[in-house]
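Okay, structure first, notes after.
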Amino acid sequence: MKILVTGAAGFIGSNLSLRLLARGDEVVGIDNLNDYYDVNLKLARLERLQGHERFKFIKLEIADKQAMEELFAREQFQRVMHLAAQAGVRYSITNPHAYIDSNIVGFINILEGCRHNGVEHLAYASSSSVYGANTQMPFSIHDNVDHPVSIYAASKKANELMAHTYSHLYRLPTTGLRFFTVYGPWGRPDMSLFMFTRNILEGKPIDVFNYGNHRRDFTYVDDIVEGVIRVIDKPAQVNDSWSGENPDPATSLSPYRIYNIGNNNPVNLLTFIETLEKCLGKEAIKNMLPLQPGDVPDTYADVSDLVNDMGYKPATPLEDGIRNFVEWYKEFYKVA
């Protein structure tokens with residue numbers, strides 16, 4: 001298939017592109033290469049893809065309406081995996097406009113491109129952050145999620161609503177994927193594992209928010225990619241038993257689906273740090289801090305629908321995943 005991967009220089013996007021190329025797909029990757037974090041890391045991810053005969057990279061801003069229209073008309077994609085977004089809960093507190101430009105304006109350009117060019121299936125990144133103020137665990141895609149606690153979460157919830165509208169109006173199959181705390185080699189420098197590793201190795205304190213009482217459903221990047229590929233290959237279908245009297249938020253009478261992709265095994269933040277210390281062979285200096293605005297204390301994914309519909313459940317043990325990251329980090333940054 002010919003597949004568009006947006007955010008191809010990103011953590012998940014670059015890993016996904018490699019897997020798609022390995023199985024024989026043609027991949028067009030786009031990314032604006034912004035400086036939200038180290039551009040050199042993004043370029044290094046792209047280097048793993050460049051030179052492959054079935055990969056083409058285009059530097060492009062998804063909020064650029066004309067450029068996106070031209071891209072879709074020229075390339076005629078069969079499937080789209082939309083990963084490009086302004087990420088980060090805490091950054092959204094101080095830079096809310098960046099999330100509207102990328103996550104809302106950019107997403108409408110993706111939807112319009114798919115609508116007008118016969119795309120067979122649009123899969124897109126949502127986030128576990130949409131659960132917001134929900135406290136019933138594990139988080140279920142069949143629960144209402146109308147109480148976001150950050151503009152980042154609100155933008156991802158908006159994406160799900162916009163996608164449903166296009167599935168309803170234009171019968172465009174859309175599938176939203178709520179990712180739960182993705183980690184692993186080539187990860188983002190603004191994520192806790194990356195920051196903790198860097199500071200511990202440099203002998204600097206690490207900021208431990210909520211006094212370490214967070215629980216996160218840490219999900220290894222290879223598990224995420226496998227789930228994404230299975231979703232790409234299975235366009236969303238209508239749910240014939242859907243009822244407007246008792247509406248299921250995860251399905252529809254339109255070709256629309258929502259899935260959680262998480263490890264289904266929440267880990268306490270202090271346990272996560274202890275595992276990292278073990279892999280590094282060095283103890284962290286901890287700066288214990290209160291809960292940050294916009295953060296949720298716990299995430300825990302109910303992945304039963306992913307298992308039932310896709311025959312897949314993330315399963316990489318935390319210690320294996322952290323060890324793989326540490327090995328990559330030391331090699332990439334030439335740490336003795």
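Residue numbering restarts at 1 in every chain; chains get A, B, ... in the order shown in the structure tokens, and ligands count up from 1 in that same order.
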
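Near A:Ser167, within 8 Å and counting only C-alpha atoms, sit Ala163, Arg171, Leu172, Pro173, Thr174, Ser254, Pro255 and Tyr256 of chain A; same-chain residues fewer than 4 positions away were not included.
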
Which of stretch 84-227 of chain A counts as helix (DSSP H, G or I) under DSSP, as JSON, numbers by chain please?
-> {"A": [89, 90, 91, 92, 93, 94, 96, 97, 98, 99, 100, 101, 102, 103, 104, 105, 106, 107, 108, 109, 110, 111, 112, 113, 114, 115, 116, 128, 129, 130, 131, 151, 152, 153, 154, 155, 156, 157, 158, 159, 160, 161, 162, 163, 164, 165, 166, 167, 168, 169, 170, 192, 193, 194, 195, 196, 197, 198, 199, 200, 201, 202, 209, 210, 211, 212, 221, 222, 223, 224, 225, 226, 227]}

Nearby residues (only C-alpha atoms) at most 8 Å from A:Leu289, same-chain spacing under 6 positions excluded, as a list in words =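 The neighbour list is Asp207, Val208, Phe209, Asn210 and Tyr211 of chain A.
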
File of the preceding selection, N, CA, C and O atoms, as a CSV table (one decimal), in the first residue's frame:
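The result, written out as selection_33.csv:
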```
chain,number,residue,atom,x,y,z
A,207,ASP,N,13.2,15.6,38.8
A,207,ASP,CA,11.9,16.1,39.3
A,207,ASP,C,10.9,15.0,39.3
A,207,ASP,O,10.5,14.5,38.3
A,208,VAL,N,10.4,14.7,40.5
A,208,VAL,CA,9.4,13.6,40.7
A,208,VAL,C,8.1,14.2,41.1
A,208,VAL,O,7.9,14.6,42.3
A,209,PHE,N,7.2,14.4,40.2
A,209,PHE,CA,5.9,15.1,40.4
A,209,PHE,C,5.0,14.2,41.2
A,209,PHE,O,5.0,13.0,41.1
A,210,ASN,N,4.0,14.8,41.8
A,210,ASN,CA,3.0,14.1,42.7
A,210,ASN,C,3.7,13.2,43.7
A,210,ASN,O,3.2,12.2,44.1
A,211,TYR,N,4.9,13.6,44.1
A,211,TYR,CA,5.7,12.9,45.1
A,211,TYR,C,5.9,11.4,44.8
A,211,TYR,O,6.0,10.6,45.6
```

Per residue of stretch 38-91 of chain A within 10 Å of stretch 224-247 of chain A, note the shortest atom pair and the distance in Å to one decimal, counting only C-alpha atoms, and order the rows by chain and increasing residue number, as a Markdown table.
```
| residue | atom | partner | partner_atom | distance |
| --- | --- | --- | --- | --- |
| A:Arg79 | CA | A:Ile232 | CA | 7.1 |
| A:Val80 | CA | A:Ile232 | CA | 7.9 |
| A:Met81 | CA | A:Ile232 | CA | 7.3 |
```

Find the residues near stretch 264-280 of chain A: any atom within 9 Å, counting only C-alpha atoms, skip ones fewer than 6 places away on the same chain, and give them as a PDB file with N, CA, C and O atoms, in the first residue's frame.
```pdb
ATOM      1  N   PRO A 138      -9.901   0.188  35.027  1.00  0.00           N
ATOM      2  CA  PRO A 138      -9.084   0.814  33.993  1.00  0.00           C
ATOM      3  C   PRO A 138      -9.919   1.705  33.079  1.00  0.00           C
ATOM      4  O   PRO A 138     -11.137   1.525  32.979  1.00  0.00           O
ATOM      5  N   LEU A 193      11.329   9.215  30.981  1.00  0.00           N
ATOM      6  CA  LEU A 193      12.424   8.251  30.901  1.00  0.00           C
ATOM      7  C   LEU A 193      13.683   8.907  30.355  1.00  0.00           C
ATOM      8  O   LEU A 193      14.790   8.687  30.876  1.00  0.00           O
ATOM      9  N   PHE A 196      14.963  11.555  33.012  1.00  0.00           N
ATOM     10  CA  PHE A 196      15.517  10.876  34.174  1.00  0.00           C
ATOM     11  C   PHE A 196      16.879  10.264  33.847  1.00  0.00           C
ATOM     12  O   PHE A 196      17.828  10.385  34.628  1.00  0.00           O
ATOM     13  N   THR A 197      16.970   9.597  32.713  1.00  0.00           N
ATOM     14  CA  THR A 197      18.220   8.943  32.328  1.00  0.00           C
ATOM     15  C   THR A 197      19.346   9.953  32.197  1.00  0.00           C
ATOM     16  O   THR A 197      20.454   9.762  32.724  1.00  0.00           O
ATOM     17  N   ILE A 200      20.261  11.447  35.769  1.00  0.00           N
ATOM     18  CA  ILE A 200      20.918  10.469  36.643  1.00  0.00           C
ATOM     19  C   ILE A 200      22.354  10.250  36.197  1.00  0.00           C
ATOM     20  O   ILE A 200      23.284  10.231  37.017  1.00  0.00           O
ATOM     21  N   LEU A 201      22.560  10.094  34.897  1.00  0.00           N
ATOM     22  CA  LEU A 201      23.920   9.866  34.384  1.00  0.00           C
ATOM     23  C   LEU A 201      24.817  11.079  34.621  1.00  0.00           C
ATOM     24  O   LEU A 201      26.025  10.942  34.824  1.00  0.00           O
ATOM     25  N   VAL A 208      10.407  14.680  40.520  1.00  0.00           N
ATOM     26  CA  VAL A 208       9.422  13.601  40.684  1.00  0.00           C
ATOM     27  C   VAL A 208       8.105  14.234  41.126  1.00  0.00           C
ATOM     28  O   VAL A 208       7.921  14.572  42.295  1.00  0.00           O
ATOM     29  N   TYR A 211       4.929  13.620  44.087  1.00  0.00           N
ATOM     30  CA  TYR A 211       5.715  12.910  45.103  1.00  0.00           C
ATOM     31  C   TYR A 211       5.892  11.418  44.751  1.00  0.00           C
ATOM     32  O   TYR A 211       6.028  10.576  45.632  1.00  0.00           O
ATOM     33  N   GLY A 212       5.904  11.148  43.442  1.00  0.00           N
ATOM     34  CA  GLY A 212       6.127   9.772  42.977  1.00  0.00           C
ATOM     35  C   GLY A 212       4.905   8.890  43.031  1.00  0.00           C
ATOM     36  O   GLY A 212       5.004   7.675  42.796  1.00  0.00           O
ATOM     37  N   ASN A 213       3.742   9.464  43.323  1.00  0.00           N
ATOM     38  CA  ASN A 213       2.534   8.655  43.453  1.00  0.00           C
ATOM     39  C   ASN A 213       1.774   8.471  42.146  1.00  0.00           C
ATOM     40  O   ASN A 213       0.690   7.888  42.134  1.00  0.00           O
ATOM     41  N   HIS A 214       2.321   8.986  41.055  1.00  0.00           N
ATOM     42  CA  HIS A 214       1.752   8.702  39.737  1.00  0.00           C
ATOM     43  C   HIS A 214       1.746   7.195  39.479  1.00  0.00           C
ATOM     44  O   HIS A 214       2.654   6.469  39.899  1.00  0.00           O
ATOM     45  N   ARG A 215       0.757   6.743  38.718  1.00  0.00           N
ATOM     46  CA  ARG A 215       0.828   5.419  38.094  1.00  0.00           C
ATOM     47  C   ARG A 215       0.625   5.621  36.601  1.00  0.00           C
ATOM     48  O   ARG A 215      -0.281   6.340  36.187  1.00  0.00           O
ATOM     49  N   ARG A 216       1.484   4.997  35.807  1.00  0.00           N
ATOM     50  CA  ARG A 216       1.408   5.146  34.363  1.00  0.00           C
ATOM     51  C   ARG A 216       1.403   3.767  33.704  1.00  0.00           C
ATOM     52  O   ARG A 216       2.111   2.854  34.130  1.00  0.00           O
ATOM     53  N   ASP A 217       0.611   3.683  32.645  1.00  0.00           N
ATOM     54  CA  ASP A 217       0.533   2.445  31.868  1.00  0.00           C
ATOM     55  C   ASP A 217       1.600   2.524  30.772  1.00  0.00           C
ATOM     56  O   ASP A 217       1.298   2.760  29.598  1.00  0.00           O
ATOM     57  N   PHE A 218       2.868   2.371  31.168  1.00  0.00           N
ATOM     58  CA  PHE A 218       3.990   2.510  30.243  1.00  0.00           C
ATOM     59  C   PHE A 218       3.898   1.445  29.137  1.00  0.00           C
ATOM     60  O   PHE A 218       3.775   0.254  29.412  1.00  0.00           O
ATOM     61  N   THR A 219       3.991   1.905  27.876  1.00  0.00           N
ATOM     62  CA  THR A 219       3.807   1.004  26.734  1.00  0.00           C
ATOM     63  C   THR A 219       5.007   1.114  25.799  1.00  0.00           C
ATOM     64  O   THR A 219       5.336   2.211  25.320  1.00  0.00           O
ATOM     65  N   ASP A 298      -3.187   8.975  37.501  1.00  0.00           N
ATOM     66  CA  ASP A 298      -3.039   7.585  37.077  1.00  0.00           C
ATOM     67  C   ASP A 298      -3.547   7.383  35.652  1.00  0.00           C
ATOM     68  O   ASP A 298      -4.498   8.044  35.226  1.00  0.00           O
ATOM     69  N   THR A 299      -2.913   6.459  34.940  1.00  0.00           N
ATOM     70  CA  THR A 299      -3.457   5.974  33.677  1.00  0.00           C
ATOM     71  C   THR A 299      -3.392   4.452  33.680  1.00  0.00           C
ATOM     72  O   THR A 299      -2.420   3.863  34.167  1.00  0.00           O
ATOM     73  N   TYR A 300      -4.436   3.838  33.148  1.00  0.00           N
ATOM     74  CA  TYR A 300      -4.547   2.378  33.154  1.00  0.00           C
ATOM     75  C   TYR A 300      -5.520   2.020  32.039  1.00  0.00           C
ATOM     76  O   TYR A 300      -6.698   2.367  32.094  1.00  0.00           O
ATOM     77  N   ALA A 301      -5.027   1.308  31.038  1.00  0.00           N
ATOM     78  CA  ALA A 301      -5.807   1.059  29.830  1.00  0.00           C
ATOM     79  C   ALA A 301      -6.546  -0.267  29.866  1.00  0.00           C
ATOM     80  O   ALA A 301      -5.943  -1.320  30.118  1.00  0.00           O
ATOM     81  N   ASP A 302      -7.838  -0.209  29.572  1.00  0.00           N
ATOM     82  CA  ASP A 302      -8.594  -1.417  29.238  1.00  0.00           C
ATOM     83  C   ASP A 302      -8.389  -1.641  27.739  1.00  0.00           C
ATOM     84  O   ASP A 302      -8.847  -0.843  26.921  1.00  0.00           O
ATOM     85  N   VAL A 303      -7.685  -2.704  27.376  1.00  0.00           N
ATOM     86  CA  VAL A 303      -7.360  -2.958  25.964  1.00  0.00           C
ATOM     87  C   VAL A 303      -8.156  -4.131  25.402  1.00  0.00           C
ATOM     88  O   VAL A 303      -7.801  -4.690  24.367  1.00  0.00           O
ATOM     89  N   LYS A 313      -2.283  -7.686  22.012  1.00  0.00           N
ATOM     90  CA  LYS A 313      -2.167  -6.982  23.281  1.00  0.00           C
ATOM     91  C   LYS A 313      -0.693  -6.685  23.559  1.00  0.00           C
ATOM     92  O   LYS A 313       0.151  -7.578  23.494  1.00  0.00           O
ATOM     93  N   PRO A 314      -0.335  -5.417  23.851  1.00  0.00           N
ATOM     94  CA  PRO A 314       1.046  -5.089  24.213  1.00  0.00           C
ATOM     95  C   PRO A 314       1.534  -5.953  25.367  1.00  0.00           C
ATOM     96  O   PRO A 314       0.767  -6.257  26.284  1.00  0.00           O
ATOM     97  N   ALA A 315       2.815  -6.362  25.315  1.00  0.00           N
ATOM     98  CA  ALA A 315       3.271  -7.333  26.312  1.00  0.00           C
ATOM     99  C   ALA A 315       4.736  -7.202  26.717  1.00  0.00           C
ATOM    100  O   ALA A 315       5.244  -8.038  27.456  1.00  0.00           O
ATOM    101  N   LEU A 318       8.409  -4.162  31.512  1.00  0.00           N
ATOM    102  CA  LEU A 318       8.975  -2.835  31.737  1.00  0.00           C
ATOM    103  C   LEU A 318      10.495  -2.867  31.806  1.00  0.00           C
ATOM    104  O   LEU A 318      11.175  -2.034  31.193  1.00  0.00           O
ATOM    105  N   GLU A 319      11.047  -3.822  32.534  1.00  0.00           N
ATOM    106  CA  GLU A 319      12.505  -3.861  32.689  1.00  0.00           C
ATOM    107  C   GLU A 319      13.202  -4.069  31.346  1.00  0.00           C
ATOM    108  O   GLU A 319      14.248  -3.465  31.079  1.00  0.00           O
ATOM    109  N   ILE A 322      12.989  -0.657  29.433  1.00  0.00           N
ATOM    110  CA  ILE A 322      13.888   0.359  29.972  1.00  0.00           C
ATOM    111  C   ILE A 322      15.338   0.010  29.647  1.00  0.00           C
ATOM    112  O   ILE A 322      16.135   0.878  29.280  1.00  0.00           O
ATOM    113  N   ARG A 323      15.685  -1.263  29.768  1.00  0.00           N
ATOM    114  CA  ARG A 323      17.060  -1.689  29.447  1.00  0.00           C
ATOM    115  C   ARG A 323      17.391  -1.366  27.987  1.00  0.00           C
ATOM    116  O   ARG A 323      18.489  -0.873  27.672  1.00  0.00           O
ATOM    117  N   VAL A 326      18.036   2.376  27.714  1.00  0.00           N
ATOM    118  CA  VAL A 326      19.322   2.763  28.293  1.00  0.00           C
ATOM    119  C   VAL A 326      20.471   2.398  27.351  1.00  0.00           C
ATOM    120  O   VAL A 326      21.400   3.197  27.144  1.00  0.00           O
TER     121      VAL A 326
END
```

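Nearest residue to A:Pro189 among A:Ala87, A:Val296, A:Ala123, A:Met288 is A:Ala87, counting only C-alpha atoms.
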
For A:Ile285, please output as a list in words all residues within 9 Å (counting only C-alpha atoms; exclusion window: fewer than 2 positions along the same chain).
-> Asn199, Ile200, Gly203, Lys204, Pro205, Ile206, Asp207, Glu283 and Asn287 of chain A

Restricting the output to N, CA and C atoms, write the selected residues as a PDB file, in the first residue's frame.
```
ATOM      1  N   ASN A 199      19.625  13.017  33.501  1.00  0.00           N
ATOM      2  CA  ASN A 199      20.007  13.648  34.764  1.00  0.00           C
ATOM      3  C   ASN A 199      20.718  12.689  35.710  1.00  0.00           C
ATOM      4  N   ILE A 200      20.261  11.447  35.769  1.00  0.00           N
ATOM      5  CA  ILE A 200      20.918  10.469  36.643  1.00  0.00           C
ATOM      6  C   ILE A 200      22.354  10.250  36.197  1.00  0.00           C
ATOM      7  N   GLY A 203      24.471  13.092  37.173  1.00  0.00           N
ATOM      8  CA  GLY A 203      24.521  13.381  38.593  1.00  0.00           C
ATOM      9  C   GLY A 203      23.637  14.543  39.022  1.00  0.00           C
ATOM     10  N   LYS A 204      22.629  14.866  38.208  1.00  0.00           N
ATOM     11  CA  LYS A 204      21.705  15.959  38.516  1.00  0.00           C
ATOM     12  C   LYS A 204      20.409  15.404  39.106  1.00  0.00           C
ATOM     13  N   PRO A 205      19.698  16.213  39.905  1.00  0.00           N
ATOM     14  CA  PRO A 205      18.432  15.739  40.470  1.00  0.00           C
ATOM     15  C   PRO A 205      17.376  15.532  39.386  1.00  0.00           C
ATOM     16  N   ILE A 206      16.432  14.642  39.669  1.00  0.00           N
ATOM     17  CA  ILE A 206      15.274  14.465  38.792  1.00  0.00           C
ATOM     18  C   ILE A 206      14.034  14.992  39.515  1.00  0.00           C
ATOM     19  N   ASP A 207      13.160  15.646  38.762  1.00  0.00           N
ATOM     20  CA  ASP A 207      11.904  16.150  39.332  1.00  0.00           C
ATOM     21  C   ASP A 207      10.878  15.025  39.337  1.00  0.00           C
ATOM     22  N   GLU A 283      22.070   5.497  41.422  1.00  0.00           N
ATOM     23  CA  GLU A 283      20.877   5.962  42.124  1.00  0.00           C
ATOM     24  C   GLU A 283      20.549   7.402  41.754  1.00  0.00           C
ATOM     25  N   ASN A 287      13.998  15.049  43.479  1.00  0.00           N
ATOM     26  CA  ASN A 287      13.402  16.307  43.905  1.00  0.00           C
ATOM     27  C   ASN A 287      11.888  16.114  43.912  1.00  0.00           C
TER      28      ASN A 287
END
```

Using only C-alpha atoms, what does the table of stretch 58-109 of chain A residues within 6 Å of stretch 28-47 of chain A look like, with each row giving the shortest atom pair and its distance in Å to one decimal, sorted by chain and ascending number, as CSV?
```
residue,atom,partner,partner_atom,distance
A:Ile58,CA,A:Ile30,CA,4.9
A:Lys59,CA,A:Asp31,CA,5.3
A:Leu60,CA,A:Asn32,CA,5.0
A:Glu61,CA,A:Asn32,CA,5.0
```
